[in-house]
>>> print(open('structure-v2.txt').read())   # compact mmCIF, C-alpha atoms
# COMPACT_ATOMS: atom_id res chain seq x y z
CA MET M 1 -20.49 78.39 -56.38
CA SER M 2 -23.81 77.09 -57.59
CA CYS M 3 -22.24 74.47 -59.90
CA GLU M 4 -20.22 72.80 -57.17
CA ARG M 5 -22.85 70.16 -56.58
CA GLN M 6 -22.54 69.16 -60.25
CA ILE M 7 -18.87 68.30 -59.96
CA GLU M 8 -19.39 64.80 -58.59
CA ARG M 9 -21.86 64.08 -61.39
CA ILE M 10 -19.43 65.39 -63.96
CA GLN M 11 -16.74 63.08 -62.58
CA GLU M 12 -19.12 60.13 -62.78
CA LEU M 13 -20.00 61.09 -66.33
CA VAL M 14 -16.28 61.09 -67.15
CA ASP M 15 -15.96 57.68 -65.45
CA GLY M 16 -18.96 56.39 -67.42
CA THR M 17 -20.78 55.40 -64.23
CA LEU M 18 -23.57 58.00 -64.17
CA GLY M 19 -27.09 56.56 -64.35
CA ALA M 20 -29.42 57.50 -67.21
CA ILE M 21 -31.72 59.86 -65.27
CA ARG M 22 -28.94 61.80 -63.57
CA ARG M 23 -27.06 61.86 -66.81
CA SER M 24 -29.98 63.46 -68.60
CA GLU M 25 -30.32 66.11 -65.83
CA LEU M 26 -26.60 66.84 -66.03
CA GLU M 27 -26.68 67.15 -69.81
CA GLN M 28 -29.42 69.79 -69.50
CA HIS M 29 -27.22 71.68 -67.06
CA LEU M 30 -24.17 71.38 -69.30
CA ALA M 31 -26.11 72.76 -72.23
CA ARG M 32 -26.56 76.08 -70.42
CA CYS M 33 -23.38 76.20 -68.30
CA PRO M 34 -20.11 76.83 -70.18
CA GLU M 35 -18.04 76.55 -66.97
CA CYS M 36 -19.24 73.04 -66.24
CA ARG M 37 -18.94 72.08 -69.90
CA ALA M 38 -15.32 73.21 -69.89
CA LEU M 39 -14.68 71.28 -66.69
CA LYS M 40 -16.18 68.12 -68.18
CA ASP M 41 -14.09 68.52 -71.35
CA ASP M 42 -10.89 69.10 -69.38
CA LEU M 43 -11.44 66.14 -67.06
CA GLU M 44 -12.06 63.92 -70.08
CA ARG M 45 -8.86 65.18 -71.67
CA ILE M 46 -6.90 64.49 -68.49
CA ARG M 47 -8.38 60.98 -68.26
CA ASP M 48 -7.53 60.28 -71.92
CA ALA M 49 -4.02 61.72 -71.68
CA ALA M 50 -3.34 59.62 -68.57
CA ALA M 51 -4.55 56.45 -70.29
CA ALA M 52 -2.27 57.22 -73.24
CA LEU M 53 0.90 57.65 -71.16
CA PRO M 54 3.46 55.24 -72.59
CA VAL M 55 5.36 52.48 -70.83
CA MET M 56 8.77 53.88 -69.92
CA PRO M 57 11.92 51.91 -70.68
CA PRO M 58 13.77 50.89 -67.51
CA PRO M 59 17.23 52.45 -67.00
CA ASP M 60 20.04 50.73 -68.91
CA GLY M 61 22.00 49.51 -65.92
CA ALA M 62 19.08 48.22 -63.85
CA TRP M 63 19.25 44.63 -65.10
CA LEU M 64 23.00 44.40 -64.54
CA GLN M 65 22.52 45.50 -60.93
CA ILE M 66 19.80 42.93 -60.38
CA ALA M 67 21.80 40.13 -62.02
CA GLY M 68 24.88 41.11 -60.01
CA ARG M 69 23.01 40.95 -56.72
CA LEU M 70 21.41 37.60 -57.60
CA ARG M 71 24.87 36.21 -58.39
CA GLN M 72 26.33 37.64 -55.18
CA GLU M 73 23.60 35.95 -53.21
CA GLY M 74 24.27 32.68 -55.05
CA ARG M 75 20.69 32.42 -56.23
CA VAL M 76 21.33 31.97 -59.95
CA ARG M 77 23.71 30.32 -62.36
CA ASP M 78 24.56 31.19 -65.95
CA LEU M 79 23.72 28.23 -68.10
CA ALA M 80 26.79 28.39 -70.32
CA GLY M 81 26.77 25.60 -72.86
CA ALA M 82 23.14 24.76 -72.33
CA SER M 83 22.18 25.70 -75.87
CA GLY M 84 25.24 24.70 -77.85
CA GLY M 85 23.27 22.88 -80.53
CA GLY M 86 25.94 20.19 -80.85
CA VAL M 87 28.54 22.33 -82.60
CA ARG M 88 31.98 21.60 -81.22
CA PRO M 89 34.07 24.51 -79.98
CA TYR M 90 36.94 23.97 -82.39
CA VAL M 91 34.51 24.38 -85.29
CA TRP M 92 33.65 27.90 -84.12
CA LEU M 93 37.30 28.79 -83.82
CA ALA M 94 38.13 27.32 -87.21
CA ILE M 95 35.32 29.25 -88.89
CA ALA M 96 36.31 32.45 -87.13
CA ALA M 97 39.96 32.03 -88.02
CA SER M 98 39.22 31.36 -91.69
CA LEU M 99 36.96 34.38 -91.92
CA VAL M 100 39.58 36.63 -90.36
CA LEU M 101 42.22 35.20 -92.67
CA ALA M 102 40.08 35.91 -95.75
CA ALA M 103 39.41 39.46 -94.64
CA GLY M 104 43.07 40.00 -93.75
CA LEU M 105 44.19 38.86 -97.20
CA SER M 106 41.87 41.29 -98.90
CA ILE M 107 43.39 44.16 -96.91
CA ALA M 108 46.88 43.09 -97.91
CA VAL M 109 45.87 43.06 -101.58
CA LEU M 110 44.25 46.44 -101.25
CA VAL M 111 47.18 48.05 -99.49
CA ARG M 112 49.66 46.69 -102.05
CA SER M 113 47.64 47.78 -105.04
CA THR M 114 46.51 51.20 -103.93
CA SER M 115 48.90 52.77 -101.49
CA GLY M 116 51.67 53.41 -104.03
CA PRO M 117 49.93 55.58 -106.60
CA ALA M 118 47.56 57.13 -104.13
CA SER M 119 50.32 58.21 -101.76
CA GLY M 120 52.27 59.50 -104.72
CA SER M 121 49.51 61.84 -105.69
CA GLY M 122 48.69 62.85 -102.14
CA ASP M 123 45.20 63.28 -100.84
CA SER M 124 44.17 65.73 -103.47
CA ALA M 125 41.93 63.91 -105.93
CA SER M 126 42.90 65.03 -109.42
CA SER M 127 39.76 66.42 -110.91
CA GLY M 128 38.90 67.13 -114.54
CA ASN M 129 41.47 64.72 -115.98
CA ALA M 130 40.54 61.37 -117.42
CA LYS M 131 43.47 59.45 -115.95
CA GLY M 132 42.82 60.90 -112.50
CA THR M 133 39.14 60.04 -112.70
CA ALA M 134 39.94 56.48 -113.80
CA THR M 135 42.37 56.10 -110.88
CA VAL M 136 39.82 57.39 -108.41
CA GLU M 137 37.24 55.01 -109.83
CA ALA M 138 39.66 52.07 -109.72
CA VAL M 139 40.57 52.84 -106.13
CA GLN M 140 36.94 53.19 -105.22
CA ASN M 141 36.17 49.83 -106.83
CA GLU M 142 38.94 48.13 -104.90
CA VAL M 143 37.87 49.77 -101.69
CA ASP M 144 34.32 48.63 -102.33
CA ALA M 145 35.42 45.06 -103.14
CA ALA M 146 37.61 44.79 -100.05
CA GLN M 147 34.95 46.37 -97.92
CA GLU M 148 32.41 43.90 -99.24
CA GLN M 149 34.66 40.97 -98.32
CA PHE M 150 35.19 42.44 -94.90
CA GLU M 151 31.51 42.94 -94.41
CA LYS M 152 30.64 39.42 -95.51
CA ALA M 153 33.15 38.07 -93.01
CA ILE M 154 31.82 40.37 -90.31
CA THR M 155 28.22 39.37 -91.02
CA LYS M 156 29.03 35.66 -90.72
CA MET M 157 30.99 36.13 -87.53
CA ASP M 158 28.33 38.40 -86.11
CA ASP M 159 25.65 35.80 -86.82
CA LEU M 160 27.70 33.19 -84.97
CA ARG M 161 28.18 35.59 -82.10
CA LYS M 162 24.52 36.59 -81.86
CA GLY M 163 23.38 32.99 -81.83
CA ASN M 164 25.65 32.15 -78.92
CA MET M 165 25.72 35.20 -76.69
CA THR M 166 23.71 33.40 -74.01
CA ALA M 167 26.94 31.61 -73.11
CA LEU M 168 28.25 34.91 -71.77
CA ASP M 169 27.13 36.66 -68.63
CA PRO M 170 24.94 39.71 -69.32
CA GLN M 171 27.55 42.18 -68.12
CA THR M 172 30.22 40.92 -70.53
CA SER M 173 27.61 40.69 -73.24
CA ASP M 174 26.58 44.32 -72.68
CA VAL M 175 30.18 45.53 -72.79
CA ILE M 176 30.70 43.69 -76.09
CA GLU M 177 27.49 45.14 -77.54
CA LYS M 178 28.51 48.66 -76.51
CA ASN M 179 31.97 48.28 -78.03
CA LEU M 180 30.51 46.90 -81.25
CA GLY M 181 28.18 49.90 -81.35
CA ILE M 182 31.14 52.29 -81.00
CA ILE M 183 33.04 50.51 -83.78
CA ASP M 184 29.95 50.50 -86.01
CA ARG M 185 29.59 54.24 -85.60
CA ALA M 186 33.28 54.68 -86.46
CA ILE M 187 32.85 52.50 -89.55
CA ALA M 188 29.84 54.55 -90.68
CA GLU M 189 31.71 57.83 -90.22
CA ASN M 190 34.81 56.57 -92.00
CA ARG M 191 32.76 55.14 -94.82
CA ALA M 192 31.23 58.58 -95.33
CA ALA M 193 34.73 60.10 -95.30
CA VAL M 194 35.95 57.64 -97.97
CA LYS M 195 32.90 58.41 -100.08
CA ALA M 196 33.58 62.13 -99.82
CA GLN M 197 37.31 61.71 -100.55
CA PRO M 198 37.81 58.49 -102.52
CA ALA M 199 41.51 59.16 -103.17
CA SER M 200 42.38 59.83 -99.54
CA VAL M 201 44.74 57.16 -98.26
CA ALA M 202 44.22 58.34 -94.70
CA ALA M 203 40.44 57.96 -94.97
CA ARG M 204 40.78 54.42 -96.39
CA GLU M 205 43.27 53.39 -93.75
CA THR M 206 41.06 54.65 -90.95
CA LEU M 207 38.07 52.84 -92.41
CA PHE M 208 39.97 49.57 -92.66
CA GLU M 209 41.37 50.02 -89.19
CA ALA M 210 37.80 50.28 -87.89
CA LEU M 211 36.82 47.17 -89.87
CA ARG M 212 39.87 45.33 -88.50
CA GLN M 213 38.87 46.31 -84.97
CA LYS M 214 35.44 44.88 -85.52
CA VAL M 215 36.85 41.61 -86.84
CA SER M 216 39.24 41.43 -83.90
CA LEU M 217 36.49 42.04 -81.35
CA LEU M 218 34.23 39.46 -82.99
CA GLN M 219 37.09 36.95 -83.04
CA ASP M 220 37.78 37.51 -79.33
CA THR M 221 34.07 37.22 -78.57
CA ILE M 222 33.79 33.88 -80.36
CA SER M 223 36.92 32.62 -78.58
CA LEU M 224 35.42 33.74 -75.28
CA ILE M 225 32.20 31.90 -76.04
CA ASN M 226 34.20 28.76 -76.82
CA GLU M 227 36.14 28.96 -73.56
CA MET M 228 32.95 29.53 -71.58
CA ARG M 229 31.36 26.51 -73.23
CA LYS M 230 34.38 24.39 -72.37
CA GLY M 231 34.15 25.66 -68.80
CA ASN M 232 37.66 27.05 -69.13
CA ASN M 233 37.23 30.08 -66.88
CA ALA M 234 40.93 30.90 -66.67
CA ALA M 235 41.28 31.19 -70.45
CA ALA M 236 38.02 33.16 -70.61
CA ALA M 237 39.31 35.57 -67.96
CA GLN M 238 42.51 36.05 -69.97
CA LEU M 239 40.48 36.96 -73.03
CA VAL M 240 38.33 39.42 -71.06
CA ASN M 241 41.45 41.02 -69.56
CA LYS M 242 43.05 41.21 -73.00
CA SER M 243 40.04 43.06 -74.45
CA MET R 1 -0.71 40.06 -70.32
CA SER R 2 0.22 38.48 -73.60
CA THR R 3 1.84 35.36 -72.13
CA SER R 4 -0.29 32.30 -71.52
CA LYS R 5 -0.46 30.47 -68.21
CA GLU R 6 1.63 27.60 -69.58
CA THR R 7 4.33 29.95 -70.81
CA ASP R 8 4.34 31.79 -67.49
CA LEU R 9 4.65 28.56 -65.51
CA ALA R 10 7.41 27.22 -67.75
CA LEU R 11 9.37 30.46 -67.42
CA VAL R 12 8.89 30.52 -63.65
CA ALA R 13 10.04 26.89 -63.41
CA ARG R 14 13.27 27.79 -65.19
CA CYS R 15 13.77 30.80 -62.91
CA ARG R 16 13.27 28.61 -59.84
CA GLU R 17 16.06 26.35 -61.07
CA GLY R 18 18.34 29.37 -60.91
CA ASP R 19 18.45 30.01 -64.66
CA LEU R 20 19.55 33.64 -64.93
CA GLY R 21 18.69 33.77 -68.64
CA ALA R 22 15.10 32.86 -67.83
CA PHE R 23 14.89 35.53 -65.17
CA GLU R 24 16.30 38.06 -67.62
CA GLU R 25 13.55 37.04 -70.06
CA LEU R 26 10.97 37.69 -67.36
CA TYR R 27 12.62 41.03 -66.58
CA ARG R 28 12.64 42.14 -70.24
CA VAL R 29 8.92 41.44 -70.59
CA HIS R 30 7.74 43.14 -67.40
CA ALA R 31 10.35 45.71 -66.35
CA GLY R 32 8.97 48.56 -68.46
CA ARG R 33 5.50 48.43 -66.99
CA LEU R 34 6.79 48.10 -63.43
CA TYR R 35 9.37 50.85 -63.85
CA SER R 36 6.63 53.15 -65.19
CA LEU R 37 4.48 52.34 -62.17
CA ALA R 38 7.37 53.03 -59.78
CA PHE R 39 8.34 56.23 -61.56
CA ARG R 40 4.82 57.61 -61.51
CA MET R 41 4.13 56.53 -57.95
CA LEU R 42 7.41 57.84 -56.56
CA GLY R 43 7.84 60.91 -58.73
CA ASN R 44 11.56 60.59 -59.42
CA PRO R 45 13.78 58.30 -61.51
CA ALA R 46 16.38 57.49 -58.83
CA ASP R 47 13.82 56.12 -56.36
CA ALA R 48 12.04 54.35 -59.22
CA GLU R 49 15.24 52.57 -60.30
CA ASP R 50 16.05 51.51 -56.73
CA GLN R 51 12.56 50.16 -56.27
CA LEU R 52 12.63 48.37 -59.62
CA GLN R 53 15.66 46.44 -58.38
CA GLU R 54 13.99 45.63 -55.09
CA ILE R 55 10.85 44.50 -56.91
CA PHE R 56 12.73 42.01 -59.07
CA LEU R 57 14.91 40.75 -56.22
CA SER R 58 11.80 40.25 -54.14
CA ALA R 59 10.06 38.59 -57.09
CA HIS R 60 12.96 36.16 -57.46
CA ARG R 61 12.70 35.22 -53.79
CA LYS R 62 8.93 34.78 -54.00
CA LEU R 63 8.68 32.86 -57.27
CA GLU R 64 8.38 29.67 -55.20
CA SER R 65 4.91 30.83 -54.19
CA TYR R 66 3.72 31.53 -57.75
CA ARG R 67 1.11 28.95 -58.72
CA GLY R 68 -0.25 30.48 -61.90
CA ASP R 69 -3.61 31.49 -60.39
CA ALA R 70 -3.09 34.97 -61.83
CA ALA R 71 -1.11 35.92 -64.92
CA LEU R 72 2.55 36.43 -64.10
CA GLY R 73 2.26 40.11 -65.08
CA THR R 74 -0.61 40.63 -62.63
CA TRP R 75 1.26 38.79 -59.87
CA LEU R 76 4.33 40.95 -60.46
CA TYR R 77 2.25 44.12 -60.62
CA ARG R 78 0.70 43.42 -57.20
CA LEU R 79 4.06 42.54 -55.74
CA ALA R 80 5.50 45.76 -57.19
CA MET R 81 2.66 47.83 -55.81
CA ASN R 82 3.18 46.40 -52.31
CA GLN R 83 6.90 47.05 -52.54
CA ILE R 84 6.36 50.62 -53.70
CA LEU R 85 3.74 51.33 -51.03
CA ASP R 86 6.03 49.98 -48.30
CA TYR R 87 8.70 52.31 -49.56
CA VAL R 88 6.31 55.27 -49.73
CA ARG R 89 5.23 54.63 -46.12
CA SER R 90 8.77 54.33 -44.85
CA ARG R 91 9.78 57.46 -46.77
CA ALA R 92 6.83 59.34 -45.34
CA ALA R 93 7.72 58.14 -41.84
CA ARG R 94 11.32 59.28 -42.35
CA THR R 95 10.49 62.69 -43.73
CA GLY R 96 7.32 63.28 -41.76
CA GLN R 97 5.41 63.94 -44.98
CA LEU R 98 1.68 63.45 -45.07
CA THR R 99 0.58 60.88 -47.62
CA ASP R 100 -2.51 62.87 -48.49
CA GLY R 101 -3.42 66.44 -47.84
CA LEU R 102 -5.61 67.66 -50.65
CA ASP R 103 -7.90 70.13 -49.08
CA ASP R 104 -11.25 69.96 -50.93
CA ALA R 105 -11.86 73.72 -50.95
CA SER R 106 -8.45 74.65 -52.31
CA VAL R 107 -8.58 71.91 -54.94
CA LEU R 108 -11.95 73.13 -56.13
CA ALA R 109 -10.92 76.76 -56.24
CA ASP R 110 -7.78 75.82 -58.16
CA ALA R 111 -9.67 73.63 -60.61
CA TRP R 112 -12.34 76.24 -61.32
CA GLY R 113 -9.76 78.95 -61.78
CA HIS R 114 -7.66 77.19 -64.40
CA ARG R 115 -8.92 75.89 -67.68
CA LEU R 116 -6.69 73.79 -69.88
CA ALA R 117 -5.22 75.43 -72.95
CA ASP R 118 -6.92 74.52 -76.19
CA ARG R 119 -4.25 72.04 -77.29
CA ALA R 120 -3.27 68.45 -76.59
CA ILE R 121 -1.94 67.79 -73.10
CA ASP R 122 1.81 67.41 -73.30
CA ARG R 123 3.04 64.08 -71.91
CA ILE R 124 5.98 65.65 -70.08
CA ASP R 125 3.73 68.29 -68.50
CA LEU R 126 1.37 65.58 -67.33
CA GLU R 127 4.21 63.49 -65.84
CA ARG R 128 5.50 66.59 -64.06
CA ALA R 129 2.07 67.49 -62.72
CA LEU R 130 1.57 63.90 -61.55
CA ALA R 131 4.74 64.16 -59.47
CA GLU R 132 3.23 67.16 -57.67
CA LEU R 133 0.15 65.29 -56.47
CA PRO R 134 0.08 64.12 -52.86
CA GLU R 135 1.01 60.44 -52.65
CA GLY R 136 -2.42 59.09 -51.67
CA CYS R 137 -4.35 60.53 -54.57
CA ARG R 138 -1.44 60.05 -56.97
CA ALA R 139 -1.50 56.31 -56.26
CA ALA R 140 -5.23 56.01 -56.90
CA PHE R 141 -5.00 58.14 -60.06
CA VAL R 142 -2.04 56.17 -61.49
CA LEU R 143 -3.75 52.86 -60.82
CA HIS R 144 -7.13 53.96 -62.18
CA ASP R 145 -6.60 56.47 -64.95
CA VAL R 146 -3.12 55.46 -66.13
CA ASP R 147 -3.10 51.69 -65.60
CA GLY R 148 -6.85 51.10 -65.91
CA LEU R 149 -7.54 49.19 -62.68
CA GLU R 150 -11.04 49.10 -61.17
CA HIS R 151 -11.75 50.93 -57.90
CA LYS R 152 -12.42 47.58 -56.22
CA GLU R 153 -8.92 46.32 -57.06
CA ILE R 154 -7.36 49.63 -56.10
CA ALA R 155 -9.17 49.59 -52.77
CA GLN R 156 -7.77 46.11 -52.05
CA MET R 157 -4.24 47.07 -53.06
CA LEU R 158 -4.16 50.32 -51.14
CA GLY R 159 -6.14 49.04 -48.16
CA ILE R 160 -8.80 51.74 -48.46
CA ALA R 161 -12.54 51.81 -49.09
CA GLU R 162 -13.76 51.70 -52.68
CA GLY R 163 -15.42 55.09 -52.21
CA THR R 164 -12.14 56.55 -50.99
CA SER R 165 -10.37 55.30 -54.10
CA LYS R 166 -13.02 56.98 -56.24
CA SER R 167 -12.81 60.27 -54.40
CA GLN R 168 -8.99 60.24 -54.54
CA VAL R 169 -9.07 59.81 -58.32
CA HIS R 170 -11.61 62.64 -58.63
CA LYS R 171 -9.53 64.95 -56.46
CA ALA R 172 -6.42 64.09 -58.45
CA ARG R 173 -8.13 65.03 -61.74
CA LEU R 174 -9.27 68.37 -60.34
CA LYS R 175 -5.83 69.08 -58.94
CA LEU R 176 -4.26 68.18 -62.29
CA ARG R 177 -6.59 70.59 -64.06
CA GLY R 178 -5.31 73.32 -61.75
CA LEU R 179 -1.66 72.35 -62.25
CA LEU R 180 -1.88 71.92 -66.02
CA GLY R 181 -4.11 74.97 -66.46
CA ARG R 182 -1.43 77.25 -65.03
CA GLY R 183 0.61 76.50 -68.14
>>> encode(input="structure-v2.txt", output="structure tokens")
Amino acid sequence: MSCERQIERIQELVDGTLGAIRRSELEQHLARCPECRALKDDLERIRDAAAALPVMPPPDGAWLQIAGRLRQEGRVRDLAGASGGGVRPYVWLAIAASLVLAAGLSIAVLVRSTSGPASGSGDSASSGNAKGTATVEAVQNEVDAAQEQFEKAITKMDDLRKGNMTALDPQTSDVIEKNLGIIDRAIAENRAAVKAQPASVAARETLFEALRQKVSLLQDTISLINEMRKGNNAAAAQLVNKS
Amino acid sequence: MSTSKETDLALVARCREGDLGAFEELYRVHAGRLYSLAFRMLGNPADAEDQLQEIFLSAHRKLESYRGDAALGTWLYRLAMNQILDYVRSRAARTGQLTDGLDDASVLADAWGHRLADRAIDRIDLERALAELPEGCRAAFVLHDVDGLEHKEIAQMLGIAEGTSKSQVHKARLKLRGLLGRG
């Protein structure tokens, strides 16, 4: 193969390390040799594709394994309470409780005001009649209002939670995040179902059940954070076992 | 590395005090790059995950020796590379595999016989082809063409001559042309 002796030069050209004189000789060769030209092009493409390979995300569980082993070996401590920002535990609980109470009241109002007529007419939305349309709209408005209250409460609680998750060990924190993700997906699906069938009592109830679950999980999380901050491991363990 | 020396030293100081949150911070910044290195050097995700854990456990033990002479990312990268190479050697000893074995003549014949298709190189195909390279030239190729290290640094890391590093990278490119050109 007469071109074999050019290969090393082609590689150096691809590396950008070929001197000017040898480069000029090689370029003359490349101009009349399609095989070597194709080789040079391919090696450049391989070099460029390799340089563009992305950083791969590490597997999900890798950190938990590492943290677990560090804890087992007694080489680390979780700094619970190190970044409390001076807010006393009972304040967190009081805020959480009031938010849950507000959200709970809105459900009660909604259930009282909508379940009667809606269950009377079944899940079939009456179409083409003005009264039926008005009822559907009224129900939708109430659902929207209650949902809005729920979501405001959830947002506030979630902000509190996010700002204080460092008090929890990463494993517990990950479990909570995963569960919140599952509930969020359920909320999204149920919201779509309510939108598709505004008069469906079942759809509304399932949506509010998902919202209630989220409030409950957030409330437990905030309580857990409080107990961890107080150093009350027994109470924290009870909460973890409960959830 | 994007972190400054002061930031690196402050983070390391917190890790040395046993602050798990600080070590998690360090992990979140560097784990992706080190996992990618392990995955590409070892050719499979299970070994790469195991080695990623060993790298960070070893890093935690050795943080006492970190003085900030190099960026924390560079220090971790070298430590990772040593860890991975130790593993590669012990795996090779266990399985009796050769760490190199690219015969020049067959590589050349393969490379000449297979041109790349006239389209962009698919990332997955390239990762797969990389896993088929013999370990010696795969290491040099990953360090040089993927991670952008100089042959001098690679030679130090791998304990080989600079010229050997260069020739390993060149062989790897030719072999990859053969592998990718088969479609």
>>> closest_residue(input="structure-v2.txt", among="R:Ile84, R:Ile121, R:Ala10, R:Arg177", to="Ser36 (chain R)", atoms="only C-alpha atoms")
R:Ile84
>>> interface_residues(input="structure-v2.txt", of="chain M", to="chain R", cutoff="9 Å", atoms="only C-alpha atoms", output="VMD selection string")
chain M and resid 4 8 11 to 12 35 38 to 39 42 to 43 45 to 59 62 to 63 65 to 67 69 to 71 74 to 79 166 169 to 170
>>> residues_around(input="structure-v2.txt", residues="Glu27 (chain M)", least_positions_apart="4", cutoff="12 Å", atoms="all atoms listed in the file", output="MDAnalysis selection string")
chainID M and resid 6 9:10 13 18:23 31:34 36:37 40
>>> closest_residue(input="structure-v2.txt", among="R:Ser90, R:Gln168, R:Thr74, R:Gln51", to="Lys5 (chain R)", atoms="all atoms listed in the file")
R:Thr74
>>> closest_residue(input="structure-v2.txt", among="R:Leu42, R:Leu72, R:Gly113, R:Asp47", to="Leu11 (chain R)", atoms="only C-alpha atoms")
R:Leu72
>>> atom_distance(input="structure-v2.txt", atom1="CA of Arg182 (chain R)", atom2="CA of Glu135 (chain R)")
21.0 Å
>>> axis_aligned_box(input="structure-v2.txt", around="region 136-150 of chain R", padding_each_side="6 Å", output="AutoDock Vina command-line options")
--center_x -6.2 --center_y 54.8 --center_z -58.9 --size_x 21.6 --size_y 23.4 --size_z 26.5
>>> atom_distance(input="structure-v2.txt", atom1="CA of Leu207 (chain M)", atom2="CA of Arg191 (chain M)")
6.3 Å
>>> atom_distance(input="structure-v2.txt", atom1="CA of Lys156 (chain M)", atom2="CA of Ser200 (chain M)")
29.0 Å
